$ cat entry_30.tsv   # TSV, C-alpha atoms
chain	number	residue	atom	x	y	z
A	880	MET	CA	154.62	35.26	223.36
A	881	ASP	CA	157.41	33.10	224.76
A	882	ASN	CA	156.52	32.13	228.29
A	883	LEU	CA	156.84	28.50	229.36
A	884	ILE	CA	154.39	28.75	232.29
A	885	LEU	CA	151.67	30.29	230.11
A	886	LYS	CA	152.20	27.67	227.39
A	887	VAL	CA	152.01	24.72	229.79
A	888	CYS	CA	148.97	26.18	231.56
A	889	THR	CA	147.22	26.73	228.25
A	890	LYS	CA	147.89	23.16	227.17
A	891	VAL	CA	146.49	21.87	230.46
A	892	LEU	CA	143.47	24.18	230.46
A	893	PHE	CA	142.50	23.86	226.78
A	894	THR	CA	140.56	20.59	227.09
A	895	PRO	CA	138.75	21.38	230.38
A	896	ILE	CA	137.54	24.70	228.94
A	897	ILE	CA	136.05	22.96	225.89
A	898	LEU	CA	134.59	20.27	228.14
A	899	PHE	CA	132.99	22.96	230.30
A	900	GLY	CA	131.64	24.58	227.13
A	901	LEU	CA	130.06	21.30	226.07
A	902	TYR	CA	128.61	20.86	229.58
A	903	VAL	CA	127.06	24.33	229.43
A	904	GLN	CA	125.79	23.56	225.91
A	905	PHE	CA	124.06	20.27	226.60
A	906	HIS	CA	123.12	20.89	230.23
A	907	GLY	CA	121.34	24.12	229.32
A	908	ASP	CA	117.95	22.39	229.66
A	909	PHE	CA	118.55	21.67	233.34
A	910	GLY	CA	120.71	24.49	234.59
A	911	PRO	CA	121.82	27.94	233.55
A	912	GLY	CA	123.46	28.02	230.15
A	913	GLY	CA	122.72	27.35	226.54
A	914	GLY	CA	124.04	27.90	223.07
A	915	PHE	CA	125.14	31.51	223.41
A	916	GLN	CA	127.21	31.01	226.55
A	917	ALA	CA	128.65	27.68	225.43
A	918	GLY	CA	129.69	29.10	222.07
A	919	VAL	CA	131.54	31.93	223.75
A	920	ILE	CA	133.28	29.58	226.21
A	921	VAL	CA	134.50	27.21	223.47
A	922	ALA	CA	135.63	30.21	221.40
A	923	ALA	CA	137.52	31.49	224.46
A	924	ALA	CA	139.54	28.25	224.55
A	925	PHE	CA	140.66	28.72	220.94
A	926	ILE	CA	141.35	32.43	221.44
A	927	LEU	CA	143.47	31.64	224.51
A	928	TYR	CA	145.44	29.17	222.41
A	929	ALA	CA	145.87	31.74	219.66
A	930	MET	CA	147.03	34.40	222.14
A	931	VAL	CA	149.56	32.25	223.98
A	932	PHE	CA	150.98	30.36	220.99
A	933	SER	CA	150.24	32.18	217.75
A	934	VAL	CA	147.35	32.71	215.39
A	935	GLU	CA	149.09	30.47	212.84
A	936	ASP	CA	149.28	27.62	215.37
A	937	CYS	CA	145.60	28.06	216.16
A	938	LYS	CA	144.78	27.96	212.45
A	939	VAL	CA	146.28	24.46	212.33
A	940	ILE	CA	143.78	23.11	214.86
A	941	MET	CA	140.91	25.33	213.64
A	942	PRO	CA	141.34	26.18	209.94
A	943	PRO	CA	139.49	29.32	208.80
A	944	LYS	CA	137.72	27.38	206.04
A	945	LEU	CA	136.25	24.94	208.58
A	946	ASN	CA	135.39	27.98	210.65
A	947	PHE	CA	133.36	29.59	207.85
A	948	PHE	CA	131.66	26.28	207.13
A	949	LEU	CA	130.63	25.69	210.78
A	950	LEU	CA	129.56	29.33	211.10
A	951	ALA	CA	127.03	28.88	208.32
A	952	LEU	CA	126.14	25.33	209.40
A	953	GLY	CA	124.96	26.55	212.83
A	954	ALA	CA	122.42	29.00	211.42
A	955	PHE	CA	121.41	26.44	208.79
A	956	LEU	CA	120.85	23.73	211.43
A	957	TYR	CA	118.50	26.02	213.34
A	958	GLY	CA	116.45	26.80	210.24
A	959	PHE	CA	116.50	23.19	209.09
A	960	VAL	CA	115.09	21.84	212.38
A	961	GLY	CA	112.19	24.24	211.84
A	962	ILE	CA	111.70	22.99	208.28
A	963	ILE	CA	111.63	19.32	209.41
A	964	GLY	CA	108.68	20.21	211.62
A	965	LEU	CA	107.08	21.97	208.68
A	966	ILE	CA	107.48	18.90	206.44
A	967	LEU	CA	106.02	16.58	209.10
A	968	GLY	CA	102.90	18.73	209.26
A	969	ASP	CA	103.43	21.08	212.19
A	970	PRO	CA	103.98	24.84	212.28
A	971	TYR	CA	107.50	26.13	211.64
A	972	LEU	CA	109.86	25.65	214.64
A	973	SER	CA	107.42	23.56	216.66
A	974	TYR	CA	109.28	20.47	217.77
A	975	ASP	CA	106.39	18.24	218.84
A	976	VAL	CA	106.65	15.85	215.87
A	977	LEU	CA	110.41	15.29	216.08
A	978	GLY	CA	110.24	12.53	218.72
A	979	SER	CA	108.00	9.61	219.60
A	980	THR	CA	106.16	11.68	222.21
A	981	LYS	CA	105.59	15.43	222.33
A	982	GLU	CA	108.01	15.81	225.23
A	983	ALA	CA	110.76	13.80	223.51
A	984	GLY	CA	110.23	15.89	220.37
A	985	GLN	CA	110.64	19.11	222.33
A	986	HIS	CA	113.83	17.77	223.96
A	987	ILE	CA	115.37	16.82	220.60
A	988	GLY	CA	114.31	20.08	218.97
A	989	ILE	CA	115.67	22.29	221.76
A	990	LEU	CA	118.95	20.34	221.88
A	991	LEU	CA	119.50	20.67	218.11
A	992	VAL	CA	118.49	24.31	217.99
A	993	GLU	CA	120.78	25.24	220.90
A	994	PHE	CA	123.60	23.35	219.22
A	995	GLY	CA	123.05	25.43	216.10
A	996	VAL	CA	123.22	28.65	218.13
A	997	GLY	CA	126.38	27.44	219.86
A	998	LEU	CA	128.11	26.57	216.57
A	999	THR	CA	127.33	29.95	215.04
A	1000	VAL	CA	128.34	32.01	218.08
A	1001	CYS	CA	131.56	30.03	218.65
A	1002	ASN	CA	132.73	30.29	215.05
A	1003	VAL	CA	131.74	33.95	214.64
A	1004	MET	CA	133.85	34.79	217.70
A	1005	ILE	CA	136.84	32.75	216.52
A	1006	SER	CA	136.77	34.19	213.01
A	1007	LEU	CA	136.36	37.73	214.36
A	1008	PHE	CA	139.47	37.18	216.45
A	1009	TYR	CA	141.31	35.72	213.46
A	1010	SER	CA	140.50	38.70	211.28
A	1011	PHE	CA	141.49	41.25	213.95
A	1012	ALA	CA	144.71	39.42	214.79
A	1013	ASN	CA	145.64	38.88	211.14
A	1014	PHE	CA	145.04	42.50	210.36
A	1015	ASN	CA	147.39	43.58	213.15
A	1016	PHE	CA	150.03	41.16	212.03
A	1017	GLY	CA	150.03	42.53	208.51
A	1018	LYS	CA	150.06	46.11	209.74
A	1019	LYS	CA	153.09	45.57	211.97
A	1020	ASN	CA	155.00	43.94	209.11
A	1021	ASN	CA	154.28	46.89	206.86
A	1022	ASP	CA	155.69	49.46	209.27
B	1485	MET	CA	116.02	41.66	253.37
B	1486	ILE	CA	118.70	43.79	255.08
B	1487	GLY	CA	121.40	41.58	253.59
B	1488	GLU	CA	119.94	42.06	250.13
B	1489	ILE	CA	119.93	45.83	250.55
B	1490	ILE	CA	123.56	45.82	251.71
B	1491	ILE	CA	124.63	43.64	248.76
B	1492	ASN	CA	122.75	45.79	246.24
B	1493	ALA	CA	124.11	49.00	247.73
B	1494	PHE	CA	127.64	47.59	247.57
B	1495	LEU	CA	127.24	46.52	243.93
B	1496	VAL	CA	125.72	49.85	242.87
B	1497	THR	CA	128.51	51.77	244.61
B	1498	LEU	CA	131.09	49.56	242.91
B	1499	MET	CA	129.47	50.10	239.50
B	1500	LEU	CA	129.34	53.87	240.03
B	1501	THR	CA	132.98	53.95	241.10
B	1502	ILE	CA	134.05	51.95	238.05
B	1503	ALA	CA	131.96	54.20	235.80
B	1504	ILE	CA	133.64	57.31	237.23
B	1505	PHE	CA	137.06	55.74	236.69
B	1506	ILE	CA	136.10	54.87	233.09
B	1507	ILE	CA	135.18	58.49	232.46
B	1508	ASN	CA	138.35	59.83	234.09
B	1509	THR	CA	140.95	57.56	232.57
B	1510	ARG	CA	142.64	58.62	229.33
B	1511	LYS	CA	144.40	55.34	228.60
B	1512	VAL	CA	142.46	53.17	226.17
B	1513	ILE	CA	143.67	49.89	227.67
B	1514	SER	CA	142.45	50.81	231.16
B	1515	THR	CA	139.10	51.86	229.69
B	1516	ILE	CA	138.76	48.42	228.07
B	1517	LEU	CA	139.70	46.53	231.24
B	1518	LEU	CA	137.44	48.68	233.41
B	1519	THR	CA	134.53	48.08	231.01
B	1520	GLY	CA	135.12	44.35	231.47
B	1521	THR	CA	135.08	44.78	235.24
B	1522	TYR	CA	131.87	46.78	234.96
B	1523	SER	CA	130.26	43.89	233.06
B	1524	LEU	CA	131.40	41.47	235.74
B	1525	VAL	CA	129.77	43.56	238.48
B	1526	ALA	CA	126.65	43.80	236.32
B	1527	ALA	CA	126.67	40.00	236.17
B	1528	LEU	CA	126.75	39.87	239.98
B	1529	MET	CA	123.81	42.28	239.96
B	1530	PHE	CA	121.87	39.87	237.72
B	1531	VAL	CA	122.70	37.00	240.12
B	1532	SER	CA	121.26	39.00	243.00
B	1533	LEU	CA	118.11	39.47	240.86
B	1534	ASP	CA	117.94	35.64	240.41
B	1535	ALA	CA	118.51	35.92	236.65
B	1536	VAL	CA	121.29	33.33	236.47
B	1537	ASP	CA	121.12	32.78	232.71
B	1538	VAL	CA	121.44	36.49	231.99
B	1539	ALA	CA	124.29	36.74	234.49
B	1540	PHE	CA	126.08	33.87	232.76
B	1541	THR	CA	125.70	35.57	229.38
B	1542	GLU	CA	126.83	38.91	230.76
B	1543	ALA	CA	129.91	37.35	232.37
B	1544	SER	CA	130.94	35.34	229.31
B	1545	VAL	CA	130.02	37.81	226.55
B	1546	GLY	CA	130.30	41.19	228.28
B	1547	ALA	CA	133.28	40.57	230.52
B	1548	GLY	CA	135.00	37.82	228.55
B	1549	ILE	CA	134.80	37.87	224.80
B	1550	SER	CA	134.11	41.56	224.17
B	1551	THR	CA	137.08	42.55	226.34
B	1552	ILE	CA	139.28	40.19	224.31
B	1553	LEU	CA	137.96	41.51	221.00
B	1554	PHE	CA	138.48	45.11	222.15
B	1555	LEU	CA	142.05	44.20	223.14
B	1556	ALA	CA	142.56	42.57	219.75
B	1557	ALA	CA	141.31	45.77	218.09
B	1558	LEU	CA	143.44	47.91	220.39
B	1559	SER	CA	146.38	48.17	218.04
B	1560	TYR	CA	144.30	50.14	215.51
B	1561	LEU	CA	143.60	52.73	218.16
B	1562	PRO	CA	145.83	55.44	219.61
B	1563	LYS	CA	147.25	54.52	223.03
B	1564	GLU	CA	145.73	57.51	224.75
B	1565	GLU	CA	142.67	59.63	224.31
B	1566	LYS	CA	143.24	63.28	223.41
B	1567	GLU	CA	142.49	65.77	226.12
B	1568	GLU	CA	139.77	68.13	224.95
B	1569	LYS	CA	139.18	71.60	226.36
B	1570	PHE	CA	135.80	72.43	227.81
B	1571	ASN	CA	133.63	73.67	224.93
B	1572	LEU	CA	130.06	74.02	223.68
B	1573	LYS	CA	129.85	70.30	222.81
B	1574	HIS	CA	130.33	69.43	226.48
B	1575	ILE	CA	127.49	71.75	227.50
B	1576	TYR	CA	125.15	70.03	225.00
B	1577	ALA	CA	126.23	66.65	226.36
B	1578	ILE	CA	125.69	67.70	229.98
B	1579	CYS	CA	122.21	69.05	229.15
B	1580	THR	CA	121.19	65.89	227.27
B	1581	CYS	CA	122.50	63.60	230.01
B	1582	THR	CA	120.78	65.57	232.77
B	1583	ILE	CA	117.43	65.64	230.97
B	1584	VAL	CA	117.48	61.97	229.95
B	1585	SER	CA	118.61	60.71	233.35
B	1586	GLY	CA	116.05	62.95	235.05
B	1587	LEU	CA	113.30	61.51	232.87
B	1588	LEU	CA	114.48	57.96	233.55
B	1589	ILE	CA	114.59	58.51	237.32
B	1590	TRP	CA	111.15	60.10	237.16
B	1591	ALA	CA	109.82	57.12	235.18
B	1592	SER	CA	111.39	54.67	237.63
B	1593	TYR	CA	108.89	55.79	240.30
B	1594	ASP	CA	106.14	54.10	238.23
B	1595	LEU	CA	107.99	50.77	238.08
B	1596	PRO	CA	106.55	47.99	240.24
B	1597	LEU	CA	108.71	46.49	243.00
B	1598	VAL	CA	110.98	43.65	241.91
B	1599	GLY	CA	109.68	40.15	242.59
B	1600	GLN	CA	106.06	40.97	243.47
B	1601	LEU	CA	103.44	38.48	242.30
B	1602	GLU	CA	101.00	41.22	241.24
B	1603	ASN	CA	103.46	42.71	238.75
B	1604	PRO	CA	102.17	43.02	235.16
B	1605	ALA	CA	105.05	40.86	233.91
B	1606	HIS	CA	103.77	37.90	235.93
B	1607	GLN	CA	100.14	38.29	234.96
B	1608	HIS	CA	99.91	37.75	231.22
B	1609	LEU	CA	101.76	34.76	229.72
B	1610	ALA	CA	104.27	33.92	232.43
B	1611	GLN	CA	102.03	31.42	234.15
B	1612	ASP	CA	101.33	29.52	230.91
B	1613	PHE	CA	105.04	29.41	230.18
B	1614	ILE	CA	105.96	28.11	233.63
B	1615	GLU	CA	103.24	25.45	233.64
B	1616	GLY	CA	103.82	24.54	230.00
B	1617	SER	CA	107.53	24.19	230.59
B	1618	ARG	CA	106.78	21.53	233.19
B	1619	ASN	CA	103.79	19.76	231.62
B	1620	HIS	CA	104.31	20.13	227.89
B	1621	ILE	CA	108.05	20.53	227.34
B	1622	GLY	CA	109.37	18.82	230.45
B	1623	ILE	CA	112.45	20.97	230.96
B	1624	PRO	CA	113.31	22.34	234.40
B	1625	ASN	CA	114.99	25.50	233.08
B	1626	VAL	CA	112.10	27.77	232.05
B	1627	VAL	CA	114.51	30.22	230.39
B	1628	THR	CA	115.68	27.56	227.94
B	1629	SER	CA	112.16	26.42	227.12
B	1630	ILE	CA	111.05	30.00	226.44
B	1631	LEU	CA	114.21	30.82	224.50
B	1632	ALA	CA	114.28	27.76	222.28
B	1633	SER	CA	110.68	26.64	222.06
B	1634	TYR	CA	108.08	29.31	222.87
B	1635	ARG	CA	110.16	32.10	221.39
B	1636	GLY	CA	112.03	30.03	218.83
B	1637	TYR	CA	111.47	32.60	216.09
B	1638	ASP	CA	113.16	35.32	218.13
B	1639	THR	CA	116.17	33.15	218.87
B	1640	PHE	CA	116.40	32.20	215.21
B	1641	GLY	CA	116.43	35.92	214.46
B	1642	GLU	CA	119.21	36.45	216.99
B	1643	THR	CA	121.28	33.65	215.51
B	1644	VAL	CA	120.87	35.08	212.02
B	1645	VAL	CA	121.84	38.52	213.33
B	1646	ILE	CA	125.06	37.12	214.84
B	1647	TYR	CA	125.72	35.22	211.62
B	1648	THR	CA	125.15	38.32	209.49
B	1649	ALA	CA	127.27	40.52	211.76
B	1650	GLY	CA	130.09	37.99	211.67
B	1651	ILE	CA	129.95	37.71	207.89
B	1652	ALA	CA	129.86	41.51	207.54
B	1653	VAL	CA	132.98	41.99	209.67
B	1654	LEU	CA	134.73	39.16	207.82
B	1655	VAL	CA	133.92	40.73	204.45
B	1656	LEU	CA	135.21	44.10	205.63
B	1657	LEU	CA	138.42	42.83	207.25
B	1658	HIS	CA	139.17	39.78	205.14
B	1659	ASP	CA	139.64	41.87	202.03
B	1660	GLY	CA	142.19	43.99	203.86
B	1661	VAL	CA	143.93	40.90	205.20
B	1662	SER	CA	144.38	39.32	201.79
B	1663	LYS	CA	145.68	42.60	200.32
B	1664	ILE	CA	148.20	43.04	203.13
B	1665	SER	CA	149.41	39.45	202.94
B	1666	LYS	CA	149.85	39.90	199.17
B	1667	ILE	CA	152.00	42.97	199.79
B	1668	ASN	CA	154.06	41.05	202.34
B	1669	LYS	CA	154.59	38.16	199.94
B	1670	GLU	CA	155.74	40.55	197.22
B	1671	LYS	CA	158.21	42.11	199.65
B	1672	LYS	CA	159.64	38.69	200.49

$ encode --input "entry_30.tsv" --output "structure tokens"
Amino acid sequence: MDNLILKVCTKVLFTPIILFGLYVQFHGDFGPGGGFQAGVIVAAAFILYAMVFSVEDCKVIMPPKLNFFLLALGAFLYGFVGIIGLILGDPYLSYDVLGSTKEAGQHIGILLVEFGVGLTVCNVMISLFYSFANFNFGKKNND
Amino acid sequence: MIGEIIINAFLVTLMLTIAIFIINTRKVISTILLTGTYSLVAALMFVSLDAVDVAFTEASVGAGISTILFLAALSYLPKEEKEEKFNLKHIYAICTCTIVSGLLIWASYDLPLVGQLENPAHQHLAQDFIEGSRNHIGIPNVVTSILASYRGYDTFGETVVIYTAGIAVLVLLHDGVSKISKINKEKK
């Protein structure tokens, strides 16, 4: 797509969208939001970039290999937070022992777990878009 | 009270209108965009039910990302749906729809009114969750404390489902991508 207005707007909007995603991610304890929504919002920023510029340009700022790594890391982080609790002598996925007090432990646990959800959702969405877009690209070239 | 009824009636009418348009249109791109609009109205519906977290998810996932993914998948699809003549299949579909929707409407008479304190949903664990969220977890948003702490196993399951679904699609499409790019390179 070759439209100057769209390109400039995307460049201006890219950072605020990610910032809003991070706000939704880490403010989920106090307001509406959480990992799922934040992941989708951050993914939307990258997808917007890929749509206005090109998928190849987006792959420079978000390489597919990093994408696959973060995708797995998110789910791993969630499971691992549960295992830390297990090692410290609590049931799986109970966060009480993670902090100095029970409340602090819960805060840390929920923050980490939501971050894991956000990472997975964000990177699944981006890599889904990559694979769809790539597939199209190849198909058009073949015709 | 009256205001609430007017808002709900407006939203339901809007949803019905969009649904009718979705059924009538033959162009795939308008179907996709109308489905996104439908999700957006559904999100407004959730706001009017005071379920802000669900509304947020519906707006971002239903109206946002799934519309984009459908649009990205659009080029595999034909531009327009084929017109089909009225046949036996349609009669089966009409019968099934009428029976199922009749049963659902019949069952809806047994549902309790929304937002009443005596409802079964508010009797069992809800009170423990609300009090525990304040006293034990210390987080103002009860939805987050239920999602991440009380029902942490379920959310872990959801995350793994998203992870698995993503990996499955990548395995299916990535193979095709690498084959096609190989062909392109050979051509060059």

$ closest_atom_pairs --input "entry_30.tsv" --of "chain A" --to "chain B" --cutoff "9 Å" --atoms "only C-alpha atoms" --output "JSON lines"
{"residue": "A:Gly907", "atom": "CA", "partner": "B:Thr1628", "partner_atom": "CA", "distance": 6.8}
{"residue": "A:Asp908", "atom": "CA", "partner": "B:Asn1625", "partner_atom": "CA", "distance": 5.5}
{"residue": "A:Phe909", "atom": "CA", "partner": "B:Asn1625", "partner_atom": "CA", "distance": 5.2}
{"residue": "A:Gly910", "atom": "CA", "partner": "B:Asn1625", "partner_atom": "CA", "distance": 6.0}
{"residue": "A:Pro911", "atom": "CA", "partner": "B:Asp1537", "partner_atom": "CA", "distance": 5.0}
{"residue": "A:Gly912", "atom": "CA", "partner": "B:Asp1537", "partner_atom": "CA", "distance": 5.9}
{"residue": "A:Gly913", "atom": "CA", "partner": "B:Thr1628", "partner_atom": "CA", "distance": 7.2}
{"residue": "A:Phe915", "atom": "CA", "partner": "B:Thr1541", "partner_atom": "CA", "distance": 7.2}
{"residue": "A:Gln916", "atom": "CA", "partner": "B:Thr1541", "partner_atom": "CA", "distance": 5.6}
{"residue": "A:Ala917", "atom": "CA", "partner": "B:Ser1544", "partner_atom": "CA", "distance": 8.9}
{"residue": "A:Val919", "atom": "CA", "partner": "B:Ser1544", "partner_atom": "CA", "distance": 6.5}
{"residue": "A:Ile920", "atom": "CA", "partner": "B:Ser1544", "partner_atom": "CA", "distance": 6.9}
{"residue": "A:Ala922", "atom": "CA", "partner": "B:Ile1549", "partner_atom": "CA", "distance": 8.4}
{"residue": "A:Ala923", "atom": "CA", "partner": "B:Ile1549", "partner_atom": "CA", "distance": 6.9}
{"residue": "A:Ile926", "atom": "CA", "partner": "B:Ile1552", "partner_atom": "CA", "distance": 8.5}
{"residue": "A:Phe947", "atom": "CA", "partner": "B:Ile1651", "partner_atom": "CA", "distance": 8.8}
{"residue": "A:Leu950", "atom": "CA", "partner": "B:Tyr1647", "partner_atom": "CA", "distance": 7.1}
{"residue": "A:Ala951", "atom": "CA", "partner": "B:Tyr1647", "partner_atom": "CA", "distance": 7.3}
{"residue": "A:Gly953", "atom": "CA", "partner": "B:Thr1643", "partner_atom": "CA", "distance": 8.4}
{"residue": "A:Ala954", "atom": "CA", "partner": "B:Thr1643", "partner_atom": "CA", "distance": 6.3}
{"residue": "A:Tyr957", "atom": "CA", "partner": "B:Phe1640", "partner_atom": "CA", "distance": 6.8}
{"residue": "A:Gly958", "atom": "CA", "partner": "B:Phe1640", "partner_atom": "CA", "distance": 7.3}
{"residue": "A:Tyr971", "atom": "CA", "partner": "B:Tyr1637", "partner_atom": "CA", "distance": 8.8}
{"residue": "A:Leu972", "atom": "CA", "partner": "B:Gly1636", "partner_atom": "CA", "distance": 6.4}
{"residue": "A:Ser973", "atom": "CA", "partner": "B:Ser1633", "partner_atom": "CA", "distance": 7.0}
{"residue": "A:Tyr974", "atom": "CA", "partner": "B:Ser1633", "partner_atom": "CA", "distance": 7.6}
{"residue": "A:Asp975", "atom": "CA", "partner": "B:Ile1621", "partner_atom": "CA", "distance": 9.0}
{"residue": "A:Lys981", "atom": "CA", "partner": "B:His1620", "partner_atom": "CA", "distance": 7.4}
{"residue": "A:Glu982", "atom": "CA", "partner": "B:Ile1621", "partner_atom": "CA", "distance": 5.2}
{"residue": "A:Ala983", "atom": "CA", "partner": "B:Ile1621", "partner_atom": "CA", "distance": 8.2}
{"residue": "A:Gly984", "atom": "CA", "partner": "B:Ile1621", "partner_atom": "CA", "distance": 8.7}
{"residue": "A:Gln985", "atom": "CA", "partner": "B:Ile1621", "partner_atom": "CA", "distance": 5.8}
{"residue": "A:His986", "atom": "CA", "partner": "B:Ile1621", "partner_atom": "CA", "distance": 7.2}
{"residue": "A:Gly988", "atom": "CA", "partner": "B:Ser1633", "partner_atom": "CA", "distance": 8.1}
{"residue": "A:Ile989", "atom": "CA", "partner": "B:Ala1632", "partner_atom": "CA", "distance": 5.7}
{"residue": "A:Leu990", "atom": "CA", "partner": "B:Ala1632", "partner_atom": "CA", "distance": 8.8}
{"residue": "A:Val992", "atom": "CA", "partner": "B:Ala1632", "partner_atom": "CA", "distance": 6.9}
{"residue": "A:Glu993", "atom": "CA", "partner": "B:Ala1632", "partner_atom": "CA", "distance": 7.1}
{"residue": "A:Gly995", "atom": "CA", "partner": "B:Thr1643", "partner_atom": "CA", "distance": 8.4}
{"residue": "A:Val996", "atom": "CA", "partner": "B:Thr1643", "partner_atom": "CA", "distance": 6.0}
{"residue": "A:Thr999", "atom": "CA", "partner": "B:Tyr1647", "partner_atom": "CA", "distance": 6.5}
{"residue": "A:Val1000", "atom": "CA", "partner": "B:Ile1646", "partner_atom": "CA", "distance": 6.9}
{"residue": "A:Asn1002", "atom": "CA", "partner": "B:Gly1650", "partner_atom": "CA", "distance": 8.8}
{"residue": "A:Val1003", "atom": "CA", "partner": "B:Gly1650", "partner_atom": "CA", "distance": 5.3}
{"residue": "A:Met1004", "atom": "CA", "partner": "B:Gly1650", "partner_atom": "CA", "distance": 7.8}
{"residue": "A:Ser1006", "atom": "CA", "partner": "B:Leu1654", "partner_atom": "CA", "distance": 7.5}
{"residue": "A:Leu1007", "atom": "CA", "partner": "B:Gly1650", "partner_atom": "CA", "distance": 6.8}
{"residue": "A:Phe1008", "atom": "CA", "partner": "B:Leu1553", "partner_atom": "CA", "distance": 6.5}
{"residue": "A:Ser1010", "atom": "CA", "partner": "B:Leu1657", "partner_atom": "CA", "distance": 6.1}
{"residue": "A:Phe1011", "atom": "CA", "partner": "B:Ala1556", "partner_atom": "CA", "distance": 6.0}
{"residue": "A:Ala1012", "atom": "CA", "partner": "B:Ala1556", "partner_atom": "CA", "distance": 6.3}
{"residue": "A:Asn1013", "atom": "CA", "partner": "B:Val1661", "partner_atom": "CA", "distance": 6.5}
{"residue": "A:Phe1014", "atom": "CA", "partner": "B:Val1661", "partner_atom": "CA", "distance": 5.5}
{"residue": "A:Asn1015", "atom": "CA", "partner": "B:Ser1559", "partner_atom": "CA", "distance": 6.8}
{"residue": "A:Gly1017", "atom": "CA", "partner": "B:Ile1664", "partner_atom": "CA", "distance": 5.7}
{"residue": "A:Lys1018", "atom": "CA", "partner": "B:Ile1664", "partner_atom": "CA", "distance": 7.5}
{"residue": "A:Asn1020", "atom": "CA", "partner": "B:Asn1668", "partner_atom": "CA", "distance": 7.4}
{"residue": "A:Asn1021", "atom": "CA", "partner": "B:Asn1668", "partner_atom": "CA", "distance": 7.4}

$ write_last_selection --input "entry_30.tsv" --atoms "C-alpha atoms" --output "compact mmCIF listing (two decimals), in the coordinates of the input"
# COMPACT_ATOMS: atom_id res chain seq x y z
CA GLY A 907 121.34 24.12 229.32
CA ASP A 908 117.95 22.39 229.66
CA PHE A 909 118.55 21.67 233.34
CA GLY A 910 120.71 24.49 234.59
CA PRO A 911 121.82 27.94 233.55
CA GLY A 912 123.46 28.02 230.15
CA GLY A 913 122.72 27.35 226.54
CA PHE A 915 125.14 31.51 223.41
CA GLN A 916 127.21 31.01 226.55
CA ALA A 917 128.65 27.68 225.43
CA VAL A 919 131.54 31.93 223.75
CA ILE A 920 133.28 29.58 226.21
CA ALA A 922 135.63 30.21 221.40
CA ALA A 923 137.52 31.49 224.46
CA ILE A 926 141.35 32.43 221.44
CA PHE A 947 133.36 29.59 207.85
CA LEU A 950 129.56 29.33 211.10
CA ALA A 951 127.03 28.88 208.32
CA GLY A 953 124.96 26.55 212.83
CA ALA A 954 122.42 29.00 211.42
CA TYR A 957 118.50 26.02 213.34
CA GLY A 958 116.45 26.80 210.24
CA TYR A 971 107.50 26.13 211.64
CA LEU A 972 109.86 25.65 214.64
CA SER A 973 107.42 23.56 216.66
CA TYR A 974 109.28 20.47 217.77
CA ASP A 975 106.39 18.24 218.84
CA LYS A 981 105.59 15.43 222.33
CA GLU A 982 108.01 15.81 225.23
CA ALA A 983 110.76 13.80 223.51
CA GLY A 984 110.23 15.89 220.37
CA GLN A 985 110.64 19.11 222.33
CA HIS A 986 113.83 17.77 223.96
CA GLY A 988 114.31 20.08 218.97
CA ILE A 989 115.67 22.29 221.76
CA LEU A 990 118.95 20.34 221.88
CA VAL A 992 118.49 24.31 217.99
CA GLU A 993 120.78 25.24 220.90
CA GLY A 995 123.05 25.43 216.10
CA VAL A 996 123.22 28.65 218.13
CA THR A 999 127.33 29.95 215.04
CA VAL A 1000 128.34 32.01 218.08
CA ASN A 1002 132.73 30.29 215.05
CA VAL A 1003 131.74 33.95 214.64
CA MET A 1004 133.85 34.79 217.70
CA SER A 1006 136.77 34.19 213.01
CA LEU A 1007 136.36 37.73 214.36
CA PHE A 1008 139.47 37.18 216.45
CA SER A 1010 140.50 38.70 211.28
CA PHE A 1011 141.49 41.25 213.95
CA ALA A 1012 144.71 39.42 214.79
CA ASN A 1013 145.64 38.88 211.14
CA PHE A 1014 145.04 42.50 210.36
CA ASN A 1015 147.39 43.58 213.15
CA GLY A 1017 150.03 42.53 208.51
CA LYS A 1018 150.06 46.11 209.74
CA ASN A 1020 155.00 43.94 209.11
CA ASN A 1021 154.28 46.89 206.86

$ atom_distance --input "entry_30.tsv" --atom1 "atom CA of B:Val1598" --atom2 "atom CA of B:Ser1532"
11.3 Å

$ axis_aligned_box --input "entry_30.tsv" --around "stretch 1541-1553 of chain B" --padding-each-side "6 Å" --output "AutoDock Vina command-line options"
--center_x 132.5 --center_y 38.9 --center_z 226.7 --size_x 25.6 --size_y 19.2 --size_z 23.4

$ atom_distance --input "entry_30.tsv" --atom1 "atom CA of B:Ser1514" --atom2 "atom CA of B:Thr1551"
11.0 Å

$ atom_distance --input "entry_30.tsv" --atom1 "atom CA of B:Gly1487" --atom2 "atom CA of B:Ala1503"
24.2 Å

$ closest_residue --input "entry_30.tsv" --among "A:Leu977, A:Ala924, A:Leu892, A:Ile987" --to "A:Cys937" --atoms "only C-alpha atoms"
A:Ala924

$ residues_around --input "entry_30.tsv" --residues "A:Leu901" --least-positions-apart "4" --cutoff "9 Å" --atoms "all atoms listed in the file" --output "ChimeraX atom specification"
/A:896-897,905-906,917-918,920-921

$ closest_residue --input "entry_30.tsv" --among "A:Val939, A:Val960, A:Val887, A:Ala929" --to "A:Tyr1009" --atoms "all atoms listed in the file"
A:Ala929
